[in-house]
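Below is protein02.json, which holds JSON, C-alpha atoms and all ligand atoms.
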```
[["chain", "number", "residue", "atom", "x", "y", "z"],
["A", 1, "MET", "CA", -12.03, 4.55, -33.35],
["A", 2, "LEU", "CA", -12.94, 8.24, -33.63],
["A", 3, "GLN", "CA", -15.49, 7.75, -30.88],
["A", 4, "PHE", "CA", -12.70, 6.32, -28.73],
["A", 5, "PHE", "CA", -10.64, 9.50, -29.00],
["A", 6, "LEU", "CA", -13.56, 11.92, -28.75],
["A", 7, "ASP", "CA", -14.82, 10.34, -25.57],
["A", 8, "ILE", "CA", -13.53, 13.15, -23.34],
["A", 9, "LYS", "CA", -15.57, 13.88, -20.24],
["A", 10, "PRO", "CA", -14.93, 16.81, -17.93],
["A", 11, "ILE", "CA", -13.22, 15.99, -14.65],
["A", 12, "ALA", "CA", -14.20, 18.05, -11.59],
["A", 13, "THR", "CA", -11.13, 19.67, -10.05],
["A", 14, "ASP", "CA", -11.70, 17.90, -6.73],
["A", 15, "ASN", "CA", -12.13, 14.48, -8.34],
["A", 16, "TYR", "CA", -8.69, 13.08, -7.49],
["A", 17, "VAL", "CA", -9.58, 9.54, -8.46],
["A", 18, "ALA", "CA", -10.56, 10.41, -12.03],
["A", 19, "PHE", "CA", -7.63, 12.83, -12.22],
["A", 20, "THR", "CA", -5.11, 10.10, -11.36],
["A", 21, "PHE", "CA", -6.76, 7.83, -13.94],
["A", 22, "PHE", "CA", -6.36, 10.62, -16.49],
["A", 23, "VAL", "CA", -2.71, 11.32, -15.65],
["A", 24, "GLY", "CA", -2.09, 7.57, -15.54],
["A", 25, "THR", "CA", -3.49, 7.18, -19.06],
["A", 26, "MET", "CA", -1.23, 9.90, -20.38],
["A", 27, "ALA", "CA", 1.89, 8.63, -18.60],
["A", 28, "MET", "CA", 1.32, 5.04, -19.77],
["A", 29, "MET", "CA", 0.70, 6.21, -23.36],
["A", 30, "ALA", "CA", 3.87, 8.31, -23.36],
["A", 31, "ALA", "CA", 5.92, 5.47, -21.90],
["A", 32, "ALA", "CA", 4.55, 2.98, -24.45],
["A", 33, "VAL", "CA", 5.38, 5.29, -27.37],
["A", 34, "PHE", "CA", 8.87, 5.79, -25.94],
["A", 35, "PHE", "CA", 9.63, 2.08, -25.49],
["A", 36, "PHE", "CA", 8.19, 1.16, -28.89],
["A", 37, "MET", "CA", 10.19, 3.86, -30.66],
["A", 38, "GLU", "CA", 13.39, 2.85, -28.86],
["A", 39, "THR", "CA", 13.22, -0.84, -29.76],
["A", 40, "SER", "CA", 14.67, -0.25, -33.23],
["A", 41, "SER", "CA", 17.81, 1.39, -31.82],
["A", 42, "THR", "CA", 18.20, -1.29, -29.11],
["A", 43, "ALA", "CA", 20.88, -3.99, -29.38],
["A", 44, "PRO", "CA", 19.26, -7.21, -30.70],
["A", 45, "GLN", "CA", 19.81, -9.12, -27.45],
["A", 46, "TRP", "CA", 17.68, -6.61, -25.49],
["A", 47, "ARG", "CA", 15.11, -5.80, -28.14],
["A", 48, "THR", "CA", 12.45, -8.22, -26.89],
["A", 49, "SER", "CA", 12.87, -6.96, -23.31],
["A", 50, "VAL", "CA", 12.34, -3.32, -24.32],
["A", 51, "LEU", "CA", 9.43, -4.38, -26.52],
["A", 52, "VAL", "CA", 7.82, -6.12, -23.51],
["A", 53, "SER", "CA", 8.23, -2.88, -21.49],
["A", 54, "GLY", "CA", 6.29, -1.20, -24.31],
["A", 55, "LEU", "CA", 3.59, -3.87, -24.24],
["A", 56, "ILE", "CA", 3.17, -3.56, -20.45],
["A", 57, "THR", "CA", 2.68, 0.21, -20.60],
["A", 58, "PHE", "CA", 0.52, -0.01, -23.74],
["A", 59, "ILE", "CA", -1.84, -2.54, -22.16],
["A", 60, "ALA", "CA", -2.00, -0.31, -19.06],
["A", 61, "ALA", "CA", -2.71, 2.80, -21.18],
["A", 62, "VAL", "CA", -5.72, 1.12, -22.81],
["A", 63, "HIS", "CA", -7.03, -0.02, -19.41],
["A", 64, "TYR", "CA", -6.44, 3.37, -17.82],
["A", 65, "TYR", "CA", -8.31, 5.09, -20.61],
["A", 66, "TYR", "CA", -11.21, 2.74, -20.06],
["A", 67, "MET", "CA", -11.06, 2.97, -16.25],
["A", 68, "ARG", "CA", -11.05, 6.76, -16.35],
["A", 69, "GLY", "CA", -14.28, 6.75, -18.39],
["A", 70, "TYR", "CA", -15.83, 4.05, -16.22],
["A", 71, "ASN", "CA", -15.02, 5.97, -13.05],
["A", 72, "LEU", "CA", -16.42, 9.22, -14.48],
["A", 73, "ASP", "CA", -19.61, 7.57, -15.72],
["A", 74, "THR", "CA", -20.41, 5.48, -12.67],
["A", 75, "GLY", "CA", -18.43, 7.06, -9.81],
["A", 76, "ASP", "CA", -17.38, 3.50, -9.02],
["A", 77, "SER", "CA", -14.08, 1.76, -8.71],
["A", 78, "PRO", "CA", -13.30, -0.19, -11.93],
["A", 79, "THR", "CA", -12.22, -3.27, -10.00],
["A", 80, "PHE", "CA", -12.80, -5.82, -12.74],
["A", 81, "PHE", "CA", -10.75, -4.03, -15.40],
["A", 82, "ARG", "CA", -8.08, -3.19, -12.82],
["A", 83, "TYR", "CA", -7.57, -6.91, -12.34],
["A", 84, "VAL", "CA", -7.78, -7.66, -16.07],
["A", 85, "ASP", "CA", -4.96, -5.15, -16.53],
["A", 86, "TRP", "CA", -2.88, -6.73, -13.74],
["A", 87, "LEU", "CA", -3.53, -10.27, -15.01],
["A", 88, "LEU", "CA", -1.98, -9.26, -18.33],
["A", 89, "THR", "CA", 0.81, -6.97, -17.17],
["A", 90, "VAL", "CA", 2.15, -8.73, -14.05],
["A", 91, "PRO", "CA", 2.86, -12.01, -15.92],
["A", 92, "LEU", "CA", 4.63, -9.87, -18.56],
["A", 93, "MET", "CA", 6.84, -8.51, -15.78],
["A", 94, "CYS", "CA", 7.63, -12.13, -14.91],
["A", 95, "VAL", "CA", 8.59, -12.57, -18.57],
["A", 96, "GLU", "CA", 11.05, -9.68, -18.13],
["A", 97, "PHE", "CA", 12.82, -11.52, -15.29],
["A", 98, "TYR", "CA", 13.00, -14.62, -17.44],
["A", 99, "LEU", "CA", 14.30, -12.77, -20.50],
["A", 100, "ILE", "CA", 17.13, -11.00, -18.72],
["A", 101, "THR", "CA", 18.32, -14.15, -16.92],
["A", 102, "LYS", "CA", 17.82, -16.45, -19.92],
["A", 103, "LYS", "CA", 21.34, -15.93, -21.22],
["A", 104, "VAL", "CA", 22.76, -17.33, -17.99],
["A", 105, "GLY", "CA", 20.51, -20.36, -18.12],
["A", 106, "ALA", "CA", 17.01, -19.45, -16.88],
["A", 107, "LYS", "CA", 14.65, -22.30, -17.74],
["A", 108, "VAL", "CA", 11.03, -21.97, -18.88],
["A", 109, "GLY", "CA", 10.10, -23.73, -15.63],
["A", 110, "LEU", "CA", 11.18, -20.62, -13.72],
["A", 111, "LEU", "CA", 8.98, -18.47, -15.93],
["A", 112, "TRP", "CA", 5.98, -20.70, -15.16],
["A", 113, "LYS", "CA", 6.68, -20.60, -11.42],
["A", 114, "LEU", "CA", 6.66, -16.80, -11.49],
["A", 115, "ILE", "CA", 3.56, -16.63, -13.67],
["A", 116, "PHE", "CA", 1.71, -19.21, -11.57],
["A", 117, "ALA", "CA", 2.49, -17.34, -8.34],
["A", 118, "SER", "CA", 1.39, -14.03, -9.86],
["A", 119, "VAL", "CA", -1.91, -15.52, -11.07],
["A", 120, "VAL", "CA", -2.59, -17.00, -7.61],
["A", 121, "MET", "CA", -1.75, -13.61, -6.04],
["A", 122, "LEU", "CA", -4.13, -11.75, -8.35],
["A", 123, "VAL", "CA", -7.04, -14.20, -8.46],
["A", 124, "THR", "CA", -7.18, -14.50, -4.65],
["A", 125, "GLY", "CA", -6.85, -10.70, -4.36],
["A", 126, "TYR", "CA", -9.76, -10.28, -6.77],
["A", 127, "ILE", "CA", -11.92, -12.69, -4.79],
["A", 128, "GLY", "CA", -11.23, -10.72, -1.61],
["A", 129, "GLU", "CA", -11.78, -7.37, -3.25],
["A", 130, "ALA", "CA", -14.72, -8.01, -5.57],
["A", 131, "ILE", "CA", -16.46, -11.25, -4.64],
["A", 132, "HIS", "CA", -16.23, -11.26, -0.83],
["A", 133, "PRO", "CA", -15.39, -7.64, 0.00],
["A", 134, "GLU", "CA", -18.06, -7.10, 2.64],
["A", 135, "GLU", "CA", -17.35, -10.25, 4.55],
["A", 136, "THR", "CA", -14.97, -10.92, 7.34],
["A", 137, "VAL", "CA", -13.18, -13.34, 5.02],
["A", 138, "SER", "CA", -11.67, -10.73, 2.72],
["A", 139, "TRP", "CA", -8.54, -10.62, 4.88],
["A", 140, "VAL", "CA", -8.15, -14.39, 4.40],
["A", 141, "TRP", "CA", -8.04, -13.95, 0.62],
["A", 142, "GLY", "CA", -5.68, -11.03, 1.04],
["A", 143, "PHE", "CA", -3.47, -13.21, 3.23],
["A", 144, "VAL", "CA", -3.32, -16.04, 0.67],
["A", 145, "SER", "CA", -2.56, -13.44, -1.98],
["A", 146, "GLY", "CA", 0.23, -12.15, 0.26],
["A", 147, "LEU", "CA", 1.77, -15.63, 0.52],
["A", 148, "ALA", "CA", 1.96, -15.86, -3.27],
["A", 149, "TYR", "CA", 3.44, -12.36, -3.30],
["A", 150, "PHE", "CA", 6.16, -13.35, -0.82],
["A", 151, "TYR", "CA", 6.95, -16.41, -2.91],
["A", 152, "ILE", "CA", 7.69, -14.07, -5.84],
["A", 153, "VAL", "CA", 9.82, -11.89, -3.55],
["A", 154, "TYR", "CA", 11.65, -15.04, -2.45],
["A", 155, "LEU", "CA", 12.33, -16.18, -6.03],
["A", 156, "VAL", "CA", 13.66, -12.76, -7.01],
["A", 157, "TRP", "CA", 15.76, -12.09, -3.89],
["A", 158, "PHE", "CA", 16.97, -15.55, -2.83],
["A", 159, "GLY", "CA", 15.63, -18.16, -5.25],
["A", 160, "ASP", "CA", 16.34, -19.04, -8.87],
["A", 161, "VAL", "CA", 16.22, -15.48, -10.21],
["A", 162, "ALA", "CA", 18.79, -14.26, -7.64],
["A", 163, "LYS", "CA", 21.08, -17.26, -8.20],
["A", 164, "LEU", "CA", 21.04, -16.80, -11.97],
["A", 165, "ALA", "CA", 21.62, -13.06, -11.65],
["A", 166, "SER", "CA", 24.68, -13.53, -9.44],
["A", 167, "ALA", "CA", 26.24, -15.63, -12.21],
["A", 168, "ALA", "CA", 25.41, -12.97, -14.82],
["A", 169, "SER", "CA", 27.26, -9.81, -15.84],
["A", 170, "PRO", "CA", 27.44, -6.95, -13.31],
["A", 171, "ALA", "CA", 24.93, -4.95, -15.37],
["A", 172, "VAL", "CA", 22.35, -7.77, -15.36],
["A", 173, "ASN", "CA", 23.01, -8.49, -11.70],
["A", 174, "SER", "CA", 22.44, -4.88, -10.70],
["A", 175, "ALA", "CA", 19.32, -4.57, -12.91],
["A", 176, "VAL", "CA", 17.84, -7.65, -11.21],
["A", 177, "LYS", "CA", 18.63, -6.08, -7.81],
["A", 178, "THR", "CA", 16.84, -2.87, -8.78],
["A", 179, "LEU", "CA", 13.86, -4.80, -10.15],
["A", 180, "GLY", "CA", 13.91, -6.77, -6.90],
["A", 181, "TRP", "CA", 13.42, -3.50, -5.00],
["A", 182, "PHE", "CA", 10.45, -2.72, -7.24],
["A", 183, "VAL", "CA", 8.93, -6.07, -6.31],
["A", 184, "LEU", "CA", 9.69, -5.71, -2.59],
["A", 185, "VAL", "CA", 8.81, -2.04, -2.05],
["A", 186, "GLY", "CA", 6.89, -0.92, -5.16],
["A", 187, "TRP", "CA", 4.58, -3.92, -5.18],
["A", 188, "ALA", "CA", 3.99, -3.62, -1.42],
["A", 189, "ILE", "CA", 1.98, -0.48, -2.26],
["A", 190, "TYR", "CA", -0.85, -2.74, -3.50],
["A", 191, "PRO", "CA", -1.60, -4.60, -0.28],
["A", 192, "LEU", "CA", -1.72, -1.14, 1.30],
["A", 193, "GLY", "CA", -4.46, -0.14, -1.16],
["A", 194, "TYR", "CA", -6.26, -3.40, -0.42],
["A", 195, "ILE", "CA", -6.08, -2.79, 3.33],
["A", 196, "LEU", "CA", -7.49, 0.71, 2.87],
["A", 197, "GLY", "CA", -10.26, -0.33, 0.49],
["A", 198, "THR", "CA", -11.67, -3.64, 1.69],
["A", 199, "LYS", "CA", -13.64, -4.16, 4.86],
["A", 200, "GLY", "CA", -11.57, -7.05, 6.10],
["A", 201, "GLY", "CA", -8.37, -5.40, 4.88],
["A", 202, "LEU", "CA", -6.12, -5.80, 7.88],
["A", 203, "PHE", "CA", -7.14, -8.95, 9.77],
["A", 204, "GLY", "CA", -10.78, -7.97, 9.74],
["A", 205, "MET", "CA", -10.18, -4.37, 10.71],
["A", 206, "GLU", "CA", -11.77, -1.66, 8.59],
["A", 207, "LEU", "CA", -9.40, 1.29, 8.44],
["A", 208, "VAL", "CA", -11.57, 3.75, 6.53],
["A", 209, "THR", "CA", -15.23, 3.52, 7.51],
["A", 210, "ASP", "CA", -16.63, 5.82, 4.82],
["A", 211, "ARG", "CA", -17.04, 3.27, 1.98],
["A", 212, "ALA", "CA", -16.80, 5.79, -0.87],
["A", 213, "ALA", "CA", -13.70, 7.36, 0.67],
["A", 214, "ALA", "CA", -12.20, 3.91, 1.21],
["A", 215, "LYS", "CA", -12.67, 3.01, -2.47],
["A", 216, "ALA", "CA", -11.25, 6.36, -3.55],
["A", 217, "ALA", "CA", -8.19, 5.90, -1.33],
["A", 218, "MET", "CA", -7.69, 2.45, -2.77],
["A", 219, "ASP", "CA", -7.89, 3.65, -6.37],
["A", 220, "ILE", "CA", -5.45, 6.50, -5.80],
["A", 221, "VAL", "CA", -2.96, 4.18, -4.07],
["A", 222, "TYR", "CA", -3.27, 1.63, -6.92],
["A", 223, "ASN", "CA", -2.84, 4.35, -9.56],
["A", 224, "ILE", "CA", 0.33, 5.67, -7.94],
["A", 225, "GLY", "CA", 1.62, 2.11, -7.57],
["A", 226, "ASP", "CA", 1.01, 1.34, -11.25],
["A", 227, "ALA", "CA", 2.80, 4.45, -12.49],
["A", 228, "ILE", "CA", 5.89, 3.63, -10.41],
["A", 229, "ASN", "CA", 5.90, -0.07, -11.10],
["A", 230, "LYS", "CA", 5.07, -0.20, -14.78],
["A", 231, "ILE", "CA", 7.00, 2.80, -16.07],
["A", 232, "GLY", "CA", 9.87, 2.57, -13.55],
["A", 233, "PHE", "CA", 10.25, -1.17, -14.12],
["A", 234, "GLY", "CA", 10.37, -0.58, -17.89],
["A", 235, "LEU", "CA", 13.00, 2.14, -17.50],
["A", 236, "VAL", "CA", 15.28, -0.20, -15.53],
["A", 237, "ILE", "CA", 15.11, -2.65, -18.45],
["A", 238, "TYR", "CA", 15.74, 0.21, -20.86],
["A", 239, "ALA", "CA", 18.78, 1.40, -18.85],
["A", 240, "LEU", "CA", 20.13, -2.16, -18.88],
["A", 241, "SER", "CA", 19.75, -2.30, -22.66],
["A", 242, "ARG", "CA", 21.87, 0.85, -22.95],
["A", 243, "SER", "CA", 24.54, -0.09, -20.41],
["A", 244, "GLU", "CA", 25.36, -3.46, -21.94],
["A", 245, "LYS", "CA", 25.45, -3.77, -25.72],
["B", 1, "LIG", "C1", 1.27, -3.25, -12.89],
["B", 1, "LIG", "C2", 0.64, -3.89, -11.83],
["B", 1, "LIG", "C3", 1.26, -4.50, -10.78],
["B", 1, "LIG", "C4", 2.75, -4.58, -10.65],
["B", 1, "LIG", "C5", 0.41, -5.08, -9.79],
["B", 1, "LIG", "C6", 0.80, -5.74, -8.71],
["B", 1, "LIG", "C7", -0.15, -6.17, -7.76],
["B", 1, "LIG", "C8", 0.14, -6.75, -6.54],
["B", 1, "LIG", "C9", 1.54, -7.03, -6.10],
["B", 1, "LIG", "C10", -0.98, -7.07, -5.69],
["B", 1, "LIG", "C11", -0.89, -7.68, -4.50],
["B", 1, "LIG", "C12", -1.96, -7.99, -3.53],
["B", 1, "LIG", "C13", -1.54, -8.54, -2.32],
["B", 1, "LIG", "C14", -0.11, -8.92, -2.06],
["B", 1, "LIG", "C15", -2.48, -8.80, -1.19],
["B", 1, "LIG", "C16", -3.80, -8.11, -1.35],
["B", 1, "LIG", "C17", -4.35, -8.28, -2.71],
["B", 1, "LIG", "C18", -3.44, -7.70, -3.80],
["B", 1, "LIG", "C19", -3.89, -8.38, -5.09],
["B", 1, "LIG", "C20", -3.69, -6.20, -3.89]]
```
As structure tokens, what does this structure read like?
Amino acid sequence: MLQFFLDIKPIATDNYVAFTFFVGTMAMMAAAVFFFMETSSTAPQWRTSVLVSGLITFIAAVHYYYMRGYNLDTGDSPTFFRYVDWLLTVPLMCVEFYLITKKVGAKVGLLWKLIFASVVMLVTGYIGEAIHPEETVSWVWGFVSGLAYFYIVYLVWFGDVAKLASAASPAVNSAVKTLGWFVLVGWAIYPLGYILGTKGGLFGMELVTDRAAAKAAMDIVYNIGDAINKIGFGLVIYALSRSEK
């Protein structure tokens, strides 16, 4: 445990990748502490939702701490642990959609649809990024991942989630709309990182030819995306818990 906290390595001032991992760790830790502390003063009906916001940022904080060290030690992109983080936190975001629409009748089936689509999106993305990154097929995996992504967008904007939200209170309806923007715009940051970082990123076209620079660009884009999507998403849930008692 002590070793864990003493494991502080210097970060060169021009090392933007490690720097964003460092700032990401701190931001996720702060957010997790905040959400955990606030659960006790949250109305019972929203307590689980705020707790899940805390879990999402806590899981990310642990991964960011690890990824920062990994990146400093090896100079590499911590792709595997990036995806482990996403595989845990993105399904938890699906749980958030389920929890806030549950009162107006969301079924567990909807939760599984969202989770299934998110797992397909992430597993195919991982294959394209880590298993077949140097091949002309990485854009195919990215494309399949994109289809699963658009299915989630569909569910949130037009499908079951949207229908349930329109029958809910104005506060829940507007929270789902805001979260929908996170999914549509905030999550679209990730395919951008993928396009920058993998060789077959955009239909076989390599946008950044310097491989190390491409990986660095990808990590920075992912780190910015995570800060917006995990902390911002959690704050929308938190605001909902305060606006409707
Ligand atoms: C906290 C982490 C979040 C919200 C991660 C979300 C990740 C995505 C929406 C990733 C999507 C991808 C595509 C749509 C295509 C290319 C491959 C991915 C996995 C980067």
Can you tell me which residues come within 6 Å of ligand LIG 1 (chain B) when counting only C-alpha atoms and all ligand atoms, ideally as JSON, numbers by chain?
{"A": [86, 89, 90, 121, 122, 125, 142, 145, 146, 149, 187, 190, 191, 194, 226, 229, 230]}
Shell of 8 Å around Phe22 (chain A), only C-alpha atoms, local chain residues under 6 positions omitted, as a PDB file with C-alpha atoms, in the frame of the given file:
```pdb
ATOM      1  CA  TYR A  64      -6.440   3.370 -17.820  1.00  0.00           C
ATOM      2  CA  TYR A  65      -8.310   5.090 -20.610  1.00  0.00           C
ATOM      3  CA  ARG A  68     -11.050   6.760 -16.350  1.00  0.00           C
TER       4      ARG A  68
END
```
Do you have the CA of Val236 (chain A)-CA of Glu96 (chain A) distance handy?
10.7 Å
Adding 5 Å on each side of the box along x, y and z that holds all listed atoms of region 85-99 of chain A, could you give its centre and edge lengths in Å to one decimal, as lines of an AutoDock Vina configuration file?
```
center_x = 4.7
center_y = -9.9
center_z = -17.1
size_x = 29.3
size_y = 19.5
size_z = 16.8
```
Figure out the distance between CA of Ser138 (chain A) and CA of Ile224 (chain A), please, to one decimal in Å.
22.9 Å
To one decimal place in Å, what is the distance between CA of Leu72 (chain A) and CA of Ala18 (chain A)?
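CA of Leu72 (chain A) sits 6.5 Å away from CA of Ala18 (chain A).
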Pick from A:Phe158, A:Val119, A:Thr79, A:Leu99: nearest to Ile131 (chain A), with only C-alpha atoms counted?
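Smallest separation from Ile131 (chain A) among the options: A:Thr79.
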Between A:Val144, A:Ala175, A:Leu87, A:Leu196, which one has atoms that come closest to Tyr238 (chain A), using only C-alpha atoms?
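Closest to Tyr238 (chain A) of all the choices is A:Ala175.
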In terms of the shortest atom-to-atom distance over all atoms listed in the file, which of A:Gly69, A:Leu207, A:Ala12, A:Gly200 is closest to His132 (chain A)?
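Closest to His132 (chain A) of all the choices is A:Gly200.
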Would you mind listing what lies within 10 Å of Val62 (chain A) as a ChimeraX atom specification, with only C-alpha atoms counted and same-chain residues fewer than 3 positions away left out?
/A:25,28-29,57-59,65-67,85
Keeping C-alpha atoms for every residue in the selection just given, could you write it to a file as an mmCIF file, in the frame of the given file?
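Saved the output as result18.cif:
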```cif
data_model
loop_
_atom_site.group_PDB
_atom_site.id
_atom_site.type_symbol
_atom_site.label_atom_id
_atom_site.label_comp_id
_atom_site.auth_asym_id
_atom_site.auth_seq_id
_atom_site.Cartn_x
_atom_site.Cartn_y
_atom_site.Cartn_z
ATOM 1 C CA THR A 25 -3.490 7.180 -19.060
ATOM 2 C CA MET A 28 1.320 5.040 -19.770
ATOM 3 C CA MET A 29 0.700 6.210 -23.360
ATOM 4 C CA THR A 57 2.680 0.210 -20.600
ATOM 5 C CA PHE A 58 0.520 -0.010 -23.740
ATOM 6 C CA ILE A 59 -1.840 -2.540 -22.160
ATOM 7 C CA TYR A 65 -8.310 5.090 -20.610
ATOM 8 C CA TYR A 66 -11.210 2.740 -20.060
ATOM 9 C CA MET A 67 -11.060 2.970 -16.250
ATOM 10 C CA ASP A 85 -4.960 -5.150 -16.530
#
```
Best match for closeness to Arg82 (chain A) among A:Ala60, A:Ile115, A:Ile100, A:Val208, counting only C-alpha atoms
A:Ala60
Just checking: using all atoms listed in the file, which residue out of A:Asn223, A:Asn173, A:Thr42, A:Thr209 ends up closest to Thr20 (chain A)?
A:Asn223
Residue contacts of Phe34 (chain A) (12 Å, all atoms listed in the file) excluding same-chain residues fewer than 6 positions away, as a ChimeraX atom specification:
/A:27-28,40-41,50-51,53-55,57-58,231,234-235,238
Write out as a PyMOL selection string which residues come within 8 Å of Gly186 (chain A) when counting only C-alpha atoms, dropping same-chain ones fewer than 3 positions away.
chain A and resi 181-183+189+225+228-229
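For the residues A:Ser166, A:Asn15, A:Thr124, A:Ser77, ranking by smallest atom-to-atom distance to Trp139 (chain A) using only C-alpha atoms places A:Thr124 first.
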Spatial neighbours of Arg242 (chain A), 9 Å, all atoms listed in the file, chain gap at least 2 places, as a PyMOL selection string
chain A and resi 42-43+46+237-240+244-245
